[in-house]
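Structure first, commentary second.
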Amino acid sequence: MSRVLVGVKRVIDYAVKIRVKPDHSGVVTDGVKHSMNPFCEIAVEEAVKLKEKKLIKEVVAVSCGPTQVTETIRTALAMGCDRGIHVEVSGKDYEAMGPLQISKIFAALAKKEEASLIILGKQAIDDDCNQTGQMTAALLDWPQGTFASEVTIDGEKVKVVREIDGGLETIKISMPAVLTADLRLNTPRYATLPNIMKAKKKKIANMKPADLGVDMVSRVEVLRVDEPPTRLAGVKVETVDDLVAKLRANGTI
Amino acid sequence: MSGGWERVIPAFRSVCGEDGVSLGEAVREQHGRDESVHRCRPPDVVVWPRSVEEVSALAKICHHHHLPIIPFGTGTGLEGGVGALKGGVCFSLRNMDRVLDLHQEDFDVSVEPGVTRKGLNSYLRDTGLWFPVDPGADASLCGMAATSASGTNAVRYGTMRENVLNLEVVLADGSIIHTAGRGRRPRKTSAGYNLTNLFVGSEGTLGVITKTTLRLYGVPEAMVSAVCTFPSVQAAVDSTVQVLQTGVPIARIEFLDDVMIDACNRFNLLSYPVAPTLFLEFHGTEKSLEEQVTVTEEITQANGGSDFSWARDAETRGRLWKARHDAWYAALALRPGCKAYSTDVCVPLSRLPQIIVETKEDLMLNRLTGPIAGHVGDGNFHCIMVMDPNDQDEVIRVHEFTERLARRALALDGTCTGEHGVGLGKRALLREEMGPLAIEVMQGLKTTLDPKNLMNPGKVL
């Protein structure tokens with residue numbers, strides 16, 4: 001039976017008010033609460049559900065980054081993943097890390113671990129790239145079921161219902177395949193205390209991108225980060241005629 | 001006070017910044033009402049302090065100028081607690097929104113007033129811990145402490161009274177106190193007078209709560225929900241009493257009467273049988289759930305209850321409970337254009353069958369729309385009185401009904417308010433409930449802590 005790789009990214013918690021650094025090089029991350037990317041939580045939940053239905057044998061949680069990402073892997077283990085892989089990336093490499101580097105890492109790991117499915121979140125809430133799943137599939141030349149809101153395994157094939165602008169699209173793809181989780185795929189479980197304690201005993205393997213033959217050089221350079229412009233005060237008008245006149249004056253109508 | 005505002009407003013701005021003070025009409029109206037039927041009573045000004053030091057500085061200014069102080073959390077109260085009856089200054093605390101000092105191994109956390117219960121549980125989601133008190137609304141936790149809030153799983157986890165370990169409070173003169181000592185969080189204590197529980201439920205009349213230390217619980221390993229219908233109200237309530245007497249640690253046991261179920265069916269397009277119904281939820285390990293459920297089913301079936309409709313996974317449980325959670329809106333939808341007022345009496349368990357049966361008779365006799373939903377596990381139930389605010393006769397009949405109901409509860413050794421608080425509308429009933437001597441003691445405490453009567457005047461006492 002099959003093995004599934006799940007990607008989990010450590011991001012700034014969705015409830016935090018983001019602040020831009022004074023030097024505009026990025027956002028403030030020191031002392032700020034971080035947690036697992038919400039779409040990665042959904043990916044983990046789906047993988048664990050498949051294992052509970054005995055459709056797959058093992059779920060491996062993977063994260064790339066400095067030491068702190070092991071906390072995120074532990075959360076995935078507490079949710080039911082069997083073991084973890086921590087790909088160590090730090091310093092400038094970590095700051096410049098993006099979908100291209102991650103997808104190369106996942107492609108290498110998929111071969112090494114002989115995975116039949118890779119399940120990722122559709123995008124991360126910090127960079128909103130929505131590229132890693134697609135790039136990983138392309139590098140492996142595997143089919144992809146992205147924006148999945150329903151996943152059904154049927155022998156060697158996977159039926160995926162995708163959320164697209166026009167509605168819902170159902171596709172059937174062969175395994176091995178890459179899936180990316182959308183919001184309505186499932187409701188992730190909370191980690192319970194007994195499972196958190198059990199997770200401490202599960203193994204997390206440690207490796208570097210070089211061990212997988214992956215070069216972390218980025219072709220993208222962030223020039224500047226700014227906050228969205230502050231909203232200007234509105235203007236109150238007394239009558240509908242005033243409103244229409246003002247809308248005409250500023251060219252809206 | 002009209003002359004003095006010119007001095008006071010700049011003083012407020014120098015404490016909370018230019019953006020931290022508003023005289024705007026829309027803003028003041030927003031802060032003069034909650035989710036009750038009481039009309040909007042806007043304050044004269046709204047301020048947004050960012051720290052306990054700012055709250056203290058603002059309080060000192062108000063104290064000096066004899067200005068009423070009204071603390072405001074999320075405005076989700078049900079008893080008109082935030083109405084500025086004498087005008088004054090609304091302290092809107094939503095910008096103090098930090099979760100502080102989480103101690104996972106000790107199961108405690110401290111939060112500022114801007115943190116809501118859903119916000120806290122989201123923050124805690126990776127830790128295996130949660131704060132289970134659930135009054136329905138996504139209320140401020142400090143606000144919940146101020147009203148001694150409760151909710152659907154109080155039967156298992158208790159109310160705010162049992163789950164607040166310490167409070168940081170700013171008094172009317174700006175003094176900052178810690179009701180259990182600064183930073184202290186032992187699981188139990190017998191040190192001195194219980195100041196913490198003096199402020200819990202004080203509804204902003206004794207001080208401004210700027211931090212609360214809460215007791216956390218482990219997230220249950222598994223949850224199972226079920227719905228069961230009964231041939232009569234008596235059978236449903238008898239089952240509740242028996243389940244609790246057997247010692248099943250049931251997490252939620254909610255009663256909906258036939259009128260309420262009918263409203264829910266229409267609102268959510270469901271098809272539950274229109275009959276007295278219990279919604280049940282069990283928390284625990286897989287093994288203990290089996291045992292709890294077996295015992296409970298034996299009891300309900302012995303009382304003529306139907307087979308259980310089950311839900312195990314989060315999505316199905318959500319759908320099952322949607323009917324109960326939407327009760328308020330379902331009741332309102334029965335008569336569009338009307339307003340709703342919720343009663344809140346609570347009686348000892350053994351008196352529950354009697355009071356619900358008598359109350360339903362009263363409703364029918366007086367042609368009132370009052371679907372019933374309630375936390376019967378605590379002996380607490382709500383009649384959602386749907387009334388046309390323009391029909392004076394109906395408004396009077398509803399008011400008289402609620403007084404009869406409250407007095408019925410008092411006569412059965414209960415209380416006129418199980419979880420919503422006294423606020424504006426139940427002060428007379430509080431006097432009847434407590435008796436003149438206890439009220440005198442309460443008045444004495446109020447006078448000691450707030451001699452100028454600046455803290456949320458006109459509420460509770």
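Convention: chains lettered A, B, ... in structure tokens order; per-chain residue numbering from 1; ligands numbered from 1 as shown.
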Within 12 Å of Arg219 of chain A using only C-alpha atoms, minus same-chain residues under 4 positions, as a PyMOL selection string: chain A and resi 93+96-101+215
Any chance you could tabulate, as a Markdown table, the residues of chain A at most 12 Å from chain B with each one's nearest atom pair and distance in Å to one decimal, using only C-alpha atoms, in chain and rising number order?
```
| residue | atom | partner | partner_atom | distance |
| --- | --- | --- | --- | --- |
| A:Ile12 | CA | B:Tyr123 | CA | 11.9 |
| A:Asp13 | CA | B:Tyr123 | CA | 8.4 |
| A:Tyr14 | CA | B:Ser122 | CA | 9.6 |
| A:Ala15 | CA | B:Gly119 | CA | 8.0 |
| A:Val16 | CA | B:Tyr123 | CA | 9.9 |
| A:Lys17 | CA | B:Asp97 | CA | 10.7 |
| A:Val32 | CA | B:Arg98 | CA | 11.5 |
| A:Lys33 | CA | B:Tyr123 | CA | 8.8 |
| A:His34 | CA | B:Tyr123 | CA | 9.9 |
| A:Ser35 | CA | B:Asp126 | CA | 7.9 |
| A:Met36 | CA | B:Asp126 | CA | 8.7 |
| A:Asn37 | CA | B:Asp126 | CA | 11.8 |
| A:Pro38 | CA | B:Ser122 | CA | 11.3 |
| A:Glu41 | CA | B:Asp126 | CA | 10.6 |
| A:Glu45 | CA | B:Ala314 | CA | 11.9 |
| A:Lys49 | CA | B:Asp313 | CA | 11.1 |
| A:Glu71 | CA | B:Asp126 | CA | 9.6 |
| A:Thr72 | CA | B:Asp126 | CA | 9.0 |
| A:Ile73 | CA | B:Asp126 | CA | 11.2 |
| A:Arg74 | CA | B:Asp126 | CA | 9.5 |
| A:Thr75 | CA | B:Asp126 | CA | 6.4 |
| A:Ala76 | CA | B:Asp126 | CA | 9.5 |
| A:Leu77 | CA | B:Asp126 | CA | 11.2 |
| A:Ala78 | CA | B:Asp126 | CA | 8.9 |
| A:Met79 | CA | B:Asp126 | CA | 9.5 |
| A:Arg184 | CA | B:Glu315 | CA | 10.6 |
| A:Leu185 | CA | B:Glu315 | CA | 11.0 |
| A:Asn186 | CA | B:Glu315 | CA | 8.0 |
| A:Thr187 | CA | B:Ala314 | CA | 6.9 |
| A:Pro188 | CA | B:Ala314 | CA | 8.7 |
| A:Arg189 | CA | B:Ala314 | CA | 8.0 |
| A:Tyr190 | CA | B:Arg125 | CA | 6.1 |
| A:Ala191 | CA | B:Gly128 | CA | 5.1 |
| A:Thr192 | CA | B:Gly128 | CA | 4.2 |
| A:Leu193 | CA | B:Gly128 | CA | 4.7 |
| A:Pro194 | CA | B:Glu221 | CA | 8.0 |
| A:Asn195 | CA | B:Gly128 | CA | 8.4 |
| A:Ile196 | CA | B:Gly128 | CA | 7.1 |
| A:Met197 | CA | B:Gly128 | CA | 9.8 |
| A:Ala199 | CA | B:Gly128 | CA | 12.0 |
```
For Ser103 of chain A, find every residue with an atom within 10 Å (counting only C-alpha atoms), except residues of its own chain fewer than 6 positions away, and show them as a list in words. Leu109, Gln131, Thr132, Gly133, Gln134, Met135, Thr136, Ala137, Ala138, Leu139, Leu140 and Val214 of chain A
Residues from the last selection, N, CA, C and O atoms, saved as a PDB file, in the first residue's frame:
```
ATOM      1  N   LEU A 109      12.297  14.130  -2.682  1.00  0.00           N
ATOM      2  CA  LEU A 109      11.816  13.292  -1.577  1.00  0.00           C
ATOM      3  C   LEU A 109      10.810  12.258  -2.072  1.00  0.00           C
ATOM      4  O   LEU A 109      10.797  11.119  -1.592  1.00  0.00           O
ATOM      5  N   GLN A 131       1.801  27.879  -6.110  1.00  0.00           N
ATOM      6  CA  GLN A 131       2.633  27.361  -7.206  1.00  0.00           C
ATOM      7  C   GLN A 131       3.309  26.037  -6.880  1.00  0.00           C
ATOM      8  O   GLN A 131       3.635  25.268  -7.778  1.00  0.00           O
ATOM      9  N   THR A 132       3.537  25.793  -5.580  1.00  0.00           N
ATOM     10  CA  THR A 132       4.383  24.650  -5.214  1.00  0.00           C
ATOM     11  C   THR A 132       3.824  23.322  -5.718  1.00  0.00           C
ATOM     12  O   THR A 132       4.548  22.499  -6.277  1.00  0.00           O
ATOM     13  N   GLY A 133       2.516  23.107  -5.519  1.00  0.00           N
ATOM     14  CA  GLY A 133       1.911  21.844  -5.958  1.00  0.00           C
ATOM     15  C   GLY A 133       2.076  21.656  -7.456  1.00  0.00           C
ATOM     16  O   GLY A 133       2.486  20.589  -7.936  1.00  0.00           O
ATOM     17  N   GLN A 134       1.784  22.693  -8.185  1.00  0.00           N
ATOM     18  CA  GLN A 134       1.833  22.626  -9.657  1.00  0.00           C
ATOM     19  C   GLN A 134       3.262  22.378 -10.148  1.00  0.00           C
ATOM     20  O   GLN A 134       3.499  21.530 -11.026  1.00  0.00           O
ATOM     21  N   MET A 135       4.231  23.101  -9.531  1.00  0.00           N
ATOM     22  CA  MET A 135       5.630  22.922  -9.959  1.00  0.00           C
ATOM     23  C   MET A 135       6.119  21.516  -9.626  1.00  0.00           C
ATOM     24  O   MET A 135       6.845  20.900 -10.425  1.00  0.00           O
ATOM     25  N   THR A 136       5.740  21.029  -8.439  1.00  0.00           N
ATOM     26  CA  THR A 136       6.165  19.683  -8.030  1.00  0.00           C
ATOM     27  C   THR A 136       5.671  18.644  -9.033  1.00  0.00           C
ATOM     28  O   THR A 136       6.416  17.753  -9.461  1.00  0.00           O
ATOM     29  N   ALA A 137       4.401  18.763  -9.409  1.00  0.00           N
ATOM     30  CA  ALA A 137       3.843  17.809 -10.374  1.00  0.00           C
ATOM     31  C   ALA A 137       4.593  17.883 -11.700  1.00  0.00           C
ATOM     32  O   ALA A 137       4.899  16.851 -12.313  1.00  0.00           O
ATOM     33  N   ALA A 138       4.909  19.103 -12.121  1.00  0.00           N
ATOM     34  CA  ALA A 138       5.615  19.262 -13.404  1.00  0.00           C
ATOM     35  C   ALA A 138       7.007  18.638 -13.343  1.00  0.00           C
ATOM     36  O   ALA A 138       7.421  17.928 -14.261  1.00  0.00           O
ATOM     37  N   LEU A 139       7.726  18.868 -12.239  1.00  0.00           N
ATOM     38  CA  LEU A 139       9.088  18.318 -12.117  1.00  0.00           C
ATOM     39  C   LEU A 139       9.069  16.797 -12.132  1.00  0.00           C
ATOM     40  O   LEU A 139       9.986  16.149 -12.638  1.00  0.00           O
ATOM     41  N   LEU A 140       8.011  16.217 -11.530  1.00  0.00           N
ATOM     42  CA  LEU A 140       7.915  14.751 -11.467  1.00  0.00           C
ATOM     43  C   LEU A 140       7.213  14.174 -12.684  1.00  0.00           C
ATOM     44  O   LEU A 140       7.166  12.957 -12.850  1.00  0.00           O
ATOM     45  N   VAL A 214      19.531  19.276  -4.238  1.00  0.00           N
ATOM     46  CA  VAL A 214      18.765  20.467  -4.614  1.00  0.00           C
ATOM     47  C   VAL A 214      19.585  21.723  -4.338  1.00  0.00           C
ATOM     48  O   VAL A 214      20.151  21.901  -3.263  1.00  0.00           O
TER      49      VAL A 214
END
```
With DSSP run on the backbone, what are the helix (DSSP H, G or I) residues within segment 233-310 of chain B? I'd like them as JSON, numbers by chain. {"B": [233, 234, 235, 236, 237, 238, 239, 240, 241, 242, 243, 244, 245, 258, 259, 260, 261, 262, 263, 264, 265, 266, 267, 268, 286, 287, 288, 289, 290, 291, 292, 293, 294, 295, 296, 297, 298, 299, 300, 301, 302]}
Taking only C-alpha atoms into account, which of A:Val237, A:Val87, A:Ile171, A:Leu183 comes nearest Ser149 of chain A? A:Leu183
Residues near Glu227 of chain A, cut-off 12 Å, only C-alpha atoms, skip fewer than 4 positions along chain, as a PDB file with C-alpha atoms, in the first residue's frame:
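The resulting file, out11.pdb, is reproduced below:
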```
ATOM      1  CA  LYS A  17      -1.786  41.876  12.678  1.00  0.00           C
ATOM      2  CA  ILE A  18       1.089  41.982  10.205  1.00  0.00           C
ATOM      3  CA  ARG A  19       3.558  44.866  10.472  1.00  0.00           C
ATOM      4  CA  VAL A  20       6.138  45.868   7.874  1.00  0.00           C
ATOM      5  CA  LYS A  21       9.730  46.233   9.104  1.00  0.00           C
ATOM      6  CA  PRO A  22      10.936  49.859   9.301  1.00  0.00           C
ATOM      7  CA  HIS A  24      10.819  47.772   4.257  1.00  0.00           C
ATOM      8  CA  SER A  25      12.811  44.579   3.667  1.00  0.00           C
ATOM      9  CA  GLY A  26       9.980  42.365   4.876  1.00  0.00           C
ATOM     10  CA  VAL A  27       7.474  41.872   7.684  1.00  0.00           C
ATOM     11  CA  ARG A 231      -7.740  54.580   3.350  1.00  0.00           C
TER      12      ARG A 231
END
```
List the spatial neighbours of Arg3 of chain A as a PyMOL selection string - criterion: any atom at most 12 Å away, only C-alpha atoms, same-chain residues fewer than 3 positions off excluded. chain A and resi 6+47-48+50-51+54-61+81-83+109-119+175-177
Next, dump the selected residues to file, keeping only C-alpha atoms, as a short mmCIF file (atom, residue, chain, number, x, y, z; two decimals), in the first residue's frame.
```
data_model
loop_
_atom_site.label_atom_id
_atom_site.label_comp_id
_atom_site.auth_asym_id
_atom_site.auth_seq_id
_atom_site.Cartn_x
_atom_site.Cartn_y
_atom_site.Cartn_z
CA VAL A 6 2.34 16.00 3.20
CA ALA A 47 -3.92 12.39 4.54
CA VAL A 48 -4.70 11.18 8.06
CA LEU A 50 -7.10 8.35 4.10
CA LYS A 51 -4.89 6.40 6.46
CA LYS A 54 -6.88 2.13 5.41
CA LEU A 55 -6.45 3.39 1.84
CA ILE A 56 -2.84 4.39 2.45
CA LYS A 57 -0.21 2.96 4.72
CA GLU A 58 1.98 5.80 5.94
CA VAL A 59 1.84 9.58 6.15
CA VAL A 60 5.11 11.51 6.23
CA ALA A 61 5.03 15.21 7.18
CA CYS A 81 1.13 11.63 10.69
CA ASP A 82 3.51 8.70 11.26
CA ARG A 83 6.90 10.37 10.95
CA LEU A 109 11.82 13.29 -1.58
CA ALA A 110 8.97 11.73 -3.53
CA LYS A 111 11.45 9.60 -5.43
CA LYS A 112 13.53 8.78 -2.35
CA GLU A 113 10.47 7.81 -0.29
CA GLU A 114 8.67 6.13 -3.18
CA ALA A 115 5.57 8.16 -2.45
CA SER A 116 2.35 7.59 -4.39
CA LEU A 117 0.69 10.82 -3.34
CA ILE A 118 1.86 14.28 -2.38
CA ILE A 119 -0.75 16.39 -0.64
CA MET A 175 -1.41 7.76 -9.08
CA PRO A 176 1.27 8.77 -8.33
CA ALA A 177 -0.16 12.29 -8.24
#
```
